[in-house]
Amino acid sequence: MGKTDRLTERQLTVLIFVSLLSPMIRILPTAAVTLGGRASWLSALAALPAGALLLAILRALTKNAPEGLGLADMAILGWGPVAGRIFAILCALWLTFYGGFLARSAAERLLSTVYPNGTTPVFIVTMLAVSILAAAGLTKTLSRTAEVLMPILLAVILVVLISAAPEVSGENLLPVTYRNWKDILYGAIPIFNVTAAHAYFLFLRGYVTKTTPGKRKVFPWLGLLIFIAFAVTLFTLGTLGTNLSITMENAFFMVIRNIKVFGVVERVEAVVVAIWIVTDFIFLSAILMIVAEVWKTVTGVKRRAFFVWPGAALSGAAAFLIARDAFDFLKWSDYIVPVINLTFTVALIPLALAVGKVRKKY
Amino acid sequence: MKKAVIFTLALTLALTGCSSGLTIFSNYRHLEMIELVRTVTVDSSEDGVTVGIYGTAGEEQEARMYEKSGPSIGVAMNELTLRPLGREAILSHTENMLIGEDLAKTRLDEVLDYVERFSEMRLDTGLLIVRDGTARDLVFGLAGEETPASDVVAGLDRNIARLGRGYVFSCREIAASLAQNGCALVQCVRGEEEEKLFEKRGDLNLAPAGMAVMRPDSTVGFLSDEETLGAMLILGKLRSCNLDVPVDDAVLTLSVDNVKSDIKPVFSKDGKLQRAEIKLSLEANLVSMDGLVDVRTRDVRERAEKALSDKVKSACDAAVRRGPALGFDFLDLGGILTRREPIAMEDMGVSWKEVFPSLPVEVEVESVLMRTYDIIDPPEISGREEGTPWEKLTDSLRDS
């Protein structure tokens, strides 16, 4: 990494926050409601300690690592050049596929919400094309983009939630008693799964300068992400009820379709969806960037941008080939991808770091 | 790279424009080319369904109507929206959907399914069932030269909860209730022939016709006006209504406001559900008086309040009785009681479905006559025809 491409910890955190908004809004509330039922509006709160614990573990494992090392470097240090490289390549392959999954899921979401007569290739190709440009650039630039867009995203979410509030009914949310604790925990799994994806951004750790303050501000961002997850679930369930929400793939968008902003502006969903595409674009760009970073570390090639195009091409292929239709795609988004994601973020990545820590490599 | 980005961005500018064809602004339509749909009708027909759309009148005060039949709502609507007499129908601001009774009996789920899936429509669109006829005939009958049908329907939607004649539930509320409770209440309307007091109005008048208790694919039954009023009171959907109550030789018209319902289960010592209690408290105001009674006296007010409570209780009892009679808990008493006492309801040992048909439900109503608006002392009541209102007021205060 060049000396010019340096970012602060806050910038990386904002990049993570904006990126994770994309899957958070995509899966909620349906994923949480399917597992947790009526009580799932409390699940986000249950996901908070689990997310914070994982974050704390990953921070503890990387605390003493030298500046300039990313997760791929640390795996090679910890596991040795062969095993470390195998681990890093495994991660890169998965993230290449995951990037394709993200592009396809963004396209499917656009089709089912605002462009019913469109086709997925148009959206997939456009998203990948734009993301390639971003991923081939500096890490700092992408983080700054996320920083600039973040207030707009938060403002849109705030306006949407305020506008949707009058339709929220306590009848749809209650009763929830202590007996529902298992449901609440089950519902927390997909929310925790999304927050756990911050582990992938350890591959970009090498770009963070340690001299800048603000380390402790990582946890409030996680809290804000969880709060948004809580609000999205609460407002959707409160508006549509549990049983109706379960029947919808994009229940939150159904709520947005109905809102009137301060009683004077209607049908704002296209604008909202257009803005949320930004989160998809940021996340996809970050994933392509991480993949390229891993290959750069593994091969020792100096230019990261060299790996962005092939990575994006493979992600595009994955996006097209992952499923024939939306029904097949559901199997991936409901079961396969979450399980693999959790395996990497909760098991393999912490394990990779722990080995190096135990061997006192950093 | 920068040059490539700039070139790409410049290229996208070339794709913009108002014309059809290759443009990223392809959704643009001239105002005179669109038909902003406010009301949609769906009826059964020989072909399957007949869908009608009724546009805004705008400045022309001209009701525009288009309809098309097809094997399904999707096919008929597609035909309709893409070529209604040279205009393109925009359904994104549809206010109300009227469906004929015949269609509602068997295909309510299809209507809701279409509204949910079709991204242009909103789930908050009000849904009404047209009784004793088709939705199409009703809308055609309502439409007059200066009374667009959409305005008439929207007026009823806006005001029905203030009449005590029902409540227009939205597609979202109906779909949620069907999903949660297995049945839903849907407002019914019918067209009534009335004398045309001015030429430019329609031939029919839109009248509330109680409520229907619906399953996704069948009609369970219909509620009378009294049962509808009771259901609205219990569910807290009534915004206000005027009720006549007899007191001595007079008939007082009281506006009922601020209705609060408190519904709770009562359990025996061994945890069995004994009964449900519904306590309604409401405020009333004197709107008009036919005859003479002195409402300033506590005794008269108490009799008025009791008469009002009895009337409201009768309506609520009728609504409560109707549920077990139809075999469906359309008031969602099970849900309400469970929210109130979740643990006890879960532990009572039997399911709500088993308990519901024979569960005693006690209704208690407490009314308070709050005010008579600005008329404190009508001359007819006090018997004095002289003196200024100020003098009357001060005399009255002195007496009290």
# chains A, B, ... in the order shown; residues from 1 in each chain; ligands from 1
>>> select_by_dssp(residues="stretch 103-322 of chain A", states="strand (DSSP E or B)", output="ChimeraX atom specification")
/A:208,260-261,265-266
>>> write_last_selection(atoms="C-alpha atoms", output="mmCIF file, in the first residue's frame")
data_model
loop_
_atom_site.group_PDB
_atom_site.id
_atom_site.type_symbol
_atom_site.label_atom_id
_atom_site.label_comp_id
_atom_site.auth_asym_id
_atom_site.auth_seq_id
_atom_site.Cartn_x
_atom_site.Cartn_y
_atom_site.Cartn_z
ATOM 1 C CA VAL A 208 -5.450 2.370 8.619
ATOM 2 C CA LYS A 260 -46.604 9.943 3.047
ATOM 3 C CA VAL A 261 -43.787 12.245 4.030
ATOM 4 C CA VAL A 265 -45.412 13.899 -0.463
ATOM 5 C CA GLU A 266 -46.378 10.425 -1.612
#
>>> residues_around(residues="stretch 132-134 of chain A", least_positions_apart="3", cutoff="9 Å", atoms="only C-alpha atoms", output="list in words")
Met127, Leu128, Ala129, Gly137, Leu138, Thr139, Thr141, Leu142, Phe281, Ile282, Leu284, Ser285, Ala286, Leu288, Met289, Ala305, Val308, Trp309 and Ala312 of chain A; Met1 and Val5 of chain B
>>> write_last_selection(atoms="N, CA and C atoms", output="PDB file, in the first residue's frame")
ATOM      1  N   MET A 127     -24.058  -2.206 -11.933  1.00  0.00           N
ATOM      2  CA  MET A 127     -23.489  -2.138 -10.574  1.00  0.00           C
ATOM      3  C   MET A 127     -22.022  -2.538 -10.557  1.00  0.00           C
ATOM      4  N   LEU A 128     -21.716  -3.605 -11.288  1.00  0.00           N
ATOM      5  CA  LEU A 128     -20.327  -4.064 -11.320  1.00  0.00           C
ATOM      6  C   LEU A 128     -19.427  -3.045 -12.011  1.00  0.00           C
ATOM      7  N   ALA A 129     -19.946  -2.447 -13.092  1.00  0.00           N
ATOM      8  CA  ALA A 129     -19.141  -1.470 -13.831  1.00  0.00           C
ATOM      9  C   ALA A 129     -18.786  -0.279 -12.944  1.00  0.00           C
ATOM     10  N   GLY A 137      -9.821   2.268  -7.486  1.00  0.00           N
ATOM     11  CA  GLY A 137      -9.257   3.509  -6.956  1.00  0.00           C
ATOM     12  C   GLY A 137      -8.658   3.309  -5.574  1.00  0.00           C
ATOM     13  N   LEU A 138      -8.472   4.420  -4.889  1.00  0.00           N
ATOM     14  CA  LEU A 138      -7.867   4.361  -3.562  1.00  0.00           C
ATOM     15  C   LEU A 138      -8.890   3.926  -2.516  1.00  0.00           C
ATOM     16  N   THR A 139      -8.407   3.243  -1.507  1.00  0.00           N
ATOM     17  CA  THR A 139      -9.272   2.861  -0.384  1.00  0.00           C
ATOM     18  C   THR A 139      -9.832   4.118   0.279  1.00  0.00           C
ATOM     19  N   THR A 141     -10.482   6.919  -1.085  1.00  0.00           N
ATOM     20  CA  THR A 141     -11.547   7.553  -1.869  1.00  0.00           C
ATOM     21  C   THR A 141     -12.891   6.894  -1.588  1.00  0.00           C
ATOM     22  N   LEU A 142     -12.883   5.560  -1.550  1.00  0.00           N
ATOM     23  CA  LEU A 142     -14.138   4.847  -1.279  1.00  0.00           C
ATOM     24  C   LEU A 142     -14.643   5.183   0.126  1.00  0.00           C
ATOM     25  N   PHE A 281     -23.790  -0.316  -3.807  1.00  0.00           N
ATOM     26  CA  PHE A 281     -22.611   0.047  -4.591  1.00  0.00           C
ATOM     27  C   PHE A 281     -21.368   0.132  -3.705  1.00  0.00           C
ATOM     28  N   ILE A 282     -21.517   0.737  -2.537  1.00  0.00           N
ATOM     29  CA  ILE A 282     -20.373   0.863  -1.618  1.00  0.00           C
ATOM     30  C   ILE A 282     -19.914  -0.511  -1.149  1.00  0.00           C
ATOM     31  N   LEU A 284     -20.460  -3.501  -2.529  1.00  0.00           N
ATOM     32  CA  LEU A 284     -19.897  -4.284  -3.622  1.00  0.00           C
ATOM     33  C   LEU A 284     -18.493  -3.783  -3.968  1.00  0.00           C
ATOM     34  N   SER A 285     -18.334  -2.485  -3.997  1.00  0.00           N
ATOM     35  CA  SER A 285     -17.004  -1.916  -4.291  1.00  0.00           C
ATOM     36  C   SER A 285     -15.997  -2.361  -3.236  1.00  0.00           C
ATOM     37  N   ALA A 286     -16.428  -2.315  -1.975  1.00  0.00           N
ATOM     38  CA  ALA A 286     -15.535  -2.706  -0.886  1.00  0.00           C
ATOM     39  C   ALA A 286     -15.154  -4.176  -0.994  1.00  0.00           C
ATOM     40  N   LEU A 288     -15.089  -6.014  -3.771  1.00  0.00           N
ATOM     41  CA  LEU A 288     -14.158  -6.167  -4.903  1.00  0.00           C
ATOM     42  C   LEU A 288     -12.759  -5.680  -4.516  1.00  0.00           C
ATOM     43  N   MET A 289     -12.744  -4.618  -3.739  1.00  0.00           N
ATOM     44  CA  MET A 289     -11.469  -4.055  -3.285  1.00  0.00           C
ATOM     45  C   MET A 289     -10.744  -5.050  -2.362  1.00  0.00           C
ATOM     46  N   ALA A 305      -5.172  -2.681  -8.418  1.00  0.00           N
ATOM     47  CA  ALA A 305      -6.179  -2.500  -9.464  1.00  0.00           C
ATOM     48  C   ALA A 305      -6.116  -3.606 -10.517  1.00  0.00           C
ATOM     49  N   VAL A 308      -8.711  -6.162  -9.818  1.00  0.00           N
ATOM     50  CA  VAL A 308     -10.120  -5.760  -9.665  1.00  0.00           C
ATOM     51  C   VAL A 308     -10.965  -6.265 -10.830  1.00  0.00           C
ATOM     52  N   TRP A 309     -10.456  -6.082 -12.045  1.00  0.00           N
ATOM     53  CA  TRP A 309     -11.250  -6.461 -13.219  1.00  0.00           C
ATOM     54  C   TRP A 309     -11.541  -7.961 -13.263  1.00  0.00           C
ATOM     55  N   ALA A 312     -14.041  -8.774 -10.565  1.00  0.00           N
ATOM     56  CA  ALA A 312     -15.391  -8.318 -10.905  1.00  0.00           C
ATOM     57  C   ALA A 312     -16.006  -9.212 -11.967  1.00  0.00           C
TER      58      ALA A 312
ATOM     59  N   MET B   1      -7.872   6.633 -16.644  1.00  0.00           N
ATOM     60  CA  MET B   1      -9.108   6.227 -15.968  1.00  0.00           C
ATOM     61  C   MET B   1     -10.094   7.384 -15.816  1.00  0.00           C
ATOM     62  N   VAL B   5     -13.945   7.804 -17.165  1.00  0.00           N
ATOM     63  CA  VAL B   5     -15.097   8.140 -16.322  1.00  0.00           C
ATOM     64  C   VAL B   5     -15.839   9.344 -16.896  1.00  0.00           C
TER      65      VAL B   5
END
>>> residues_around(residues="stretch 105-120 of chain B", least_positions_apart="4", cutoff="7 Å", atoms="only C-alpha atoms", output="mmCIF file with N, CA and C atoms, in the first residue's frame")
data_model
loop_
_atom_site.group_PDB
_atom_site.id
_atom_site.type_symbol
_atom_site.label_atom_id
_atom_site.label_comp_id
_atom_site.auth_asym_id
_atom_site.auth_seq_id
_atom_site.Cartn_x
_atom_site.Cartn_y
_atom_site.Cartn_z
ATOM 1 N N THR A 113 -39.189 -4.352 -6.553
ATOM 2 C CA THR A 113 -39.742 -3.168 -5.884
ATOM 3 C C THR A 113 -40.144 -2.055 -6.852
ATOM 4 N N VAL A 114 -39.243 -1.649 -7.728
ATOM 5 C CA VAL A 114 -39.609 -0.490 -8.565
ATOM 6 C C VAL A 114 -39.499 -0.700 -10.072
ATOM 7 N N LEU B 91 -51.548 4.362 -11.669
ATOM 8 C CA LEU B 91 -52.316 3.827 -10.537
ATOM 9 C C LEU B 91 -51.667 4.115 -9.190
ATOM 10 N N SER B 92 -50.575 4.834 -9.224
ATOM 11 C CA SER B 92 -49.807 5.002 -7.988
ATOM 12 C C SER B 92 -50.532 5.812 -6.914
ATOM 13 N N GLU B 101 -69.878 -7.588 -5.021
ATOM 14 C CA GLU B 101 -70.148 -8.620 -4.016
ATOM 15 C C GLU B 101 -69.865 -10.018 -4.566
ATOM 16 N N CYS B 171 -56.328 -2.040 2.156
ATOM 17 C CA CYS B 171 -55.902 -3.386 1.731
ATOM 18 C C CYS B 171 -54.888 -3.945 2.721
ATOM 19 N N ALA B 175 -55.448 -7.349 4.601
ATOM 20 C CA ALA B 175 -54.489 -8.442 4.368
ATOM 21 C C ALA B 175 -53.852 -8.881 5.683
ATOM 22 N N PRO B 216 -60.365 -15.185 3.029
ATOM 23 C CA PRO B 216 -59.668 -14.872 1.773
ATOM 24 C C PRO B 216 -60.452 -15.264 0.522
ATOM 25 N N ASP B 217 -61.186 -16.362 0.619
ATOM 26 C CA ASP B 217 -61.878 -16.831 -0.575
ATOM 27 C C ASP B 217 -63.368 -17.035 -0.374
ATOM 28 N N SER B 218 -63.908 -16.431 0.654
ATOM 29 C CA SER B 218 -65.358 -16.563 0.865
ATOM 30 C C SER B 218 -65.873 -15.462 1.776
ATOM 31 N N THR B 219 -67.169 -15.244 1.662
ATOM 32 C CA THR B 219 -67.820 -14.283 2.557
ATOM 33 C C THR B 219 -68.446 -15.047 3.705
#
>>> select_by_dssp(residues="stretch 161-230 of chain B", states="alpha helix (DSSP H)", output="PyMOL selection string")
chain B and resi 161-163+171-181+225-230
>>> write_last_selection(atoms="N, CA and C atoms", output="PDB file, in the first residue's frame")
ATOM      1  N   ALA B 161     -66.186   7.210   9.157  1.00  0.00           N
ATOM      2  CA  ALA B 161     -65.863   6.942  10.563  1.00  0.00           C
ATOM      3  C   ALA B 161     -66.444   8.017  11.474  1.00  0.00           C
ATOM      4  N   ARG B 162     -66.897   9.121  10.883  1.00  0.00           N
ATOM      5  CA  ARG B 162     -67.549  10.168  11.683  1.00  0.00           C
ATOM      6  C   ARG B 162     -69.067  10.019  11.670  1.00  0.00           C
ATOM      7  N   LEU B 163     -69.538   9.058  10.869  1.00  0.00           N
ATOM      8  CA  LEU B 163     -70.978   8.847  10.787  1.00  0.00           C
ATOM      9  C   LEU B 163     -71.434   7.686  11.658  1.00  0.00           C
ATOM     10  N   CYS B 171     -56.328  -2.040   2.156  1.00  0.00           N
ATOM     11  CA  CYS B 171     -55.902  -3.386   1.731  1.00  0.00           C
ATOM     12  C   CYS B 171     -54.888  -3.945   2.721  1.00  0.00           C
ATOM     13  N   ARG B 172     -54.019  -3.068   3.227  1.00  0.00           N
ATOM     14  CA  ARG B 172     -53.008  -3.522   4.191  1.00  0.00           C
ATOM     15  C   ARG B 172     -53.664  -4.060   5.450  1.00  0.00           C
ATOM     16  N   GLU B 173     -54.624  -3.319   5.987  1.00  0.00           N
ATOM     17  CA  GLU B 173     -55.279  -3.754   7.222  1.00  0.00           C
ATOM     18  C   GLU B 173     -56.043  -5.058   7.001  1.00  0.00           C
ATOM     19  N   ILE B 174     -56.674  -5.157   5.841  1.00  0.00           N
ATOM     20  CA  ILE B 174     -57.453  -6.364   5.548  1.00  0.00           C
ATOM     21  C   ILE B 174     -56.514  -7.558   5.361  1.00  0.00           C
ATOM     22  N   ALA B 175     -55.448  -7.349   4.601  1.00  0.00           N
ATOM     23  CA  ALA B 175     -54.489  -8.442   4.368  1.00  0.00           C
ATOM     24  C   ALA B 175     -53.852  -8.881   5.683  1.00  0.00           C
ATOM     25  N   ALA B 176     -53.505  -7.902   6.524  1.00  0.00           N
ATOM     26  CA  ALA B 176     -52.879  -8.238   7.808  1.00  0.00           C
ATOM     27  C   ALA B 176     -53.856  -9.008   8.691  1.00  0.00           C
ATOM     28  N   SER B 177     -55.112  -8.589   8.698  1.00  0.00           N
ATOM     29  CA  SER B 177     -56.108  -9.259   9.518  1.00  0.00           C
ATOM     30  C   SER B 177     -56.362 -10.682   9.017  1.00  0.00           C
ATOM     31  N   LEU B 178     -56.420 -10.833   7.688  1.00  0.00           N
ATOM     32  CA  LEU B 178     -56.615 -12.178   7.126  1.00  0.00           C
ATOM     33  C   LEU B 178     -55.439 -13.076   7.490  1.00  0.00           C
ATOM     34  N   ALA B 179     -54.238 -12.519   7.402  1.00  0.00           N
ATOM     35  CA  ALA B 179     -53.047 -13.314   7.697  1.00  0.00           C
ATOM     36  C   ALA B 179     -52.958 -13.655   9.179  1.00  0.00           C
ATOM     37  N   GLN B 180     -53.376 -12.721  10.010  1.00  0.00           N
ATOM     38  CA  GLN B 180     -53.218 -12.888  11.454  1.00  0.00           C
ATOM     39  C   GLN B 180     -54.386 -13.639  12.077  1.00  0.00           C
ATOM     40  N   ASN B 181     -55.588 -13.281  11.611  1.00  0.00           N
ATOM     41  CA  ASN B 181     -56.788 -13.717  12.306  1.00  0.00           C
ATOM     42  C   ASN B 181     -57.647 -14.669  11.479  1.00  0.00           C
ATOM     43  N   ASP B 225     -76.294  -2.506  10.381  1.00  0.00           N
ATOM     44  CA  ASP B 225     -75.805  -1.178  10.782  1.00  0.00           C
ATOM     45  C   ASP B 225     -75.492  -1.135  12.277  1.00  0.00           C
ATOM     46  N   GLU B 226     -76.395  -1.761  13.072  1.00  0.00           N
ATOM     47  CA  GLU B 226     -76.180  -1.741  14.523  1.00  0.00           C
ATOM     48  C   GLU B 226     -74.932  -2.539  14.897  1.00  0.00           C
ATOM     49  N   GLU B 227     -74.785  -3.702  14.284  1.00  0.00           N
ATOM     50  CA  GLU B 227     -73.607  -4.540  14.568  1.00  0.00           C
ATOM     51  C   GLU B 227     -72.322  -3.835  14.107  1.00  0.00           C
ATOM     52  N   THR B 228     -72.439  -3.145  12.983  1.00  0.00           N
ATOM     53  CA  THR B 228     -71.276  -2.404  12.480  1.00  0.00           C
ATOM     54  C   THR B 228     -70.871  -1.320  13.472  1.00  0.00           C
ATOM     55  N   LEU B 229     -71.882  -0.597  13.981  1.00  0.00           N
ATOM     56  CA  LEU B 229     -71.589   0.453  14.960  1.00  0.00           C
ATOM     57  C   LEU B 229     -70.917  -0.156  16.193  1.00  0.00           C
ATOM     58  N   GLY B 230     -71.467  -1.272  16.663  1.00  0.00           N
ATOM     59  CA  GLY B 230     -70.888  -1.929  17.841  1.00  0.00           C
ATOM     60  C   GLY B 230     -69.444  -2.354  17.595  1.00  0.00           C
TER      61      GLY B 230
END
>>> residues_around(residues="B:Ala212", least_positions_apart="3", cutoff="7 Å", atoms="only C-alpha atoms", output="list in words")
Leu185, Val186, Gln187, Cys188, Gly221, Phe222 and Leu223 of chain B
>>> residues_around(residues="stretch 93-99 of chain B", least_positions_apart="2", cutoff="6 Å", atoms="only C-alpha atoms", output="list in words")
Val37, Arg38, Thr39, Val40, Thr41, Val42, Asp43, Leu91, Thr125, Gly126, Leu127, Leu128, Ile129, Val130 and Ala135 of chain B
>>> atom_distance(atom1="atom CA of A:Gly206", atom2="atom CA of A:Glu67")
6.3 Å
>>> interface_residues(of="chain A", to="chain B", cutoff="8 Å", atoms="only C-alpha atoms", output="list of chain:residue names")
A:Ser112, A:Thr113, A:Val114, A:Pro116, A:Glu171, A:Leu174, A:Pro175, A:Val176, A:Thr177, A:Leu240, A:Gly241, A:Thr242, A:Asn243, A:Leu244, A:Met254, A:Arg257, A:Asn258, A:Arg267
>>> residues_around(residues="A:Ala188", least_positions_apart="4", cutoff="8 Å", atoms="only C-alpha atoms", output="list in words")
Ala32, Gly36, Ser40, Ser43, Ala44, Leu45, Ala46, Ala47, Ile184 and Phe192 of chain A
>>> decode(residues="stretch 67-81 of chain A", atoms="N, CA and C atoms", output="tab-separated table (two decimals), in the first residue's frame")
chain	number	residue	atom	x	y	z
A	67	GLU	N	1.52	-2.04	12.33
A	67	GLU	CA	0.78	-1.18	11.40
A	67	GLU	C	1.11	-1.59	9.97
A	68	GLY	N	0.12	-1.53	9.13
A	68	GLY	CA	0.36	-1.83	7.71
A	68	GLY	C	0.02	-3.26	7.32
A	69	LEU	N	-0.35	-4.08	8.32
A	69	LEU	CA	-0.70	-5.47	8.00
A	69	LEU	C	-2.21	-5.63	7.88
A	70	GLY	N	-2.63	-6.27	6.80
A	70	GLY	CA	-4.04	-6.63	6.65
A	70	GLY	C	-4.24	-8.05	7.11
A	71	LEU	N	-5.47	-8.52	7.06
A	71	LEU	CA	-5.77	-9.88	7.51
A	71	LEU	C	-4.99	-10.93	6.72
A	72	ALA	N	-4.84	-10.69	5.41
A	72	ALA	CA	-4.10	-11.66	4.58
A	72	ALA	C	-2.64	-11.75	5.04
A	73	ASP	N	-2.03	-10.59	5.30
A	73	ASP	CA	-0.64	-10.59	5.80
A	73	ASP	C	-0.55	-11.32	7.14
A	74	MET	N	-1.52	-11.06	7.99
A	74	MET	CA	-1.48	-11.65	9.33
A	74	MET	C	-1.69	-13.17	9.26
A	75	ALA	N	-2.53	-13.61	8.32
A	75	ALA	CA	-2.74	-15.06	8.17
A	75	ALA	C	-1.46	-15.72	7.69
A	76	ILE	N	-0.78	-15.05	6.76
A	76	ILE	CA	0.48	-15.61	6.25
A	76	ILE	C	1.53	-15.65	7.36
A	77	LEU	N	1.55	-14.59	8.16
A	77	LEU	CA	2.48	-14.55	9.29
A	77	LEU	C	2.16	-15.66	10.30
A	78	GLY	N	0.90	-15.78	10.61
A	78	GLY	CA	0.46	-16.69	11.66
A	78	GLY	C	0.51	-18.14	11.24
A	79	TRP	N	0.08	-18.43	10.03
A	79	TRP	CA	-0.07	-19.83	9.60
A	79	TRP	C	1.12	-20.30	8.74
A	80	GLY	N	1.95	-19.39	8.39
A	80	GLY	CA	3.04	-19.76	7.48
A	80	GLY	C	2.64	-19.40	6.05
A	81	PRO	N	3.63	-19.33	5.14
A	81	PRO	CA	3.37	-18.84	3.79
A	81	PRO	C	2.39	-19.69	2.99
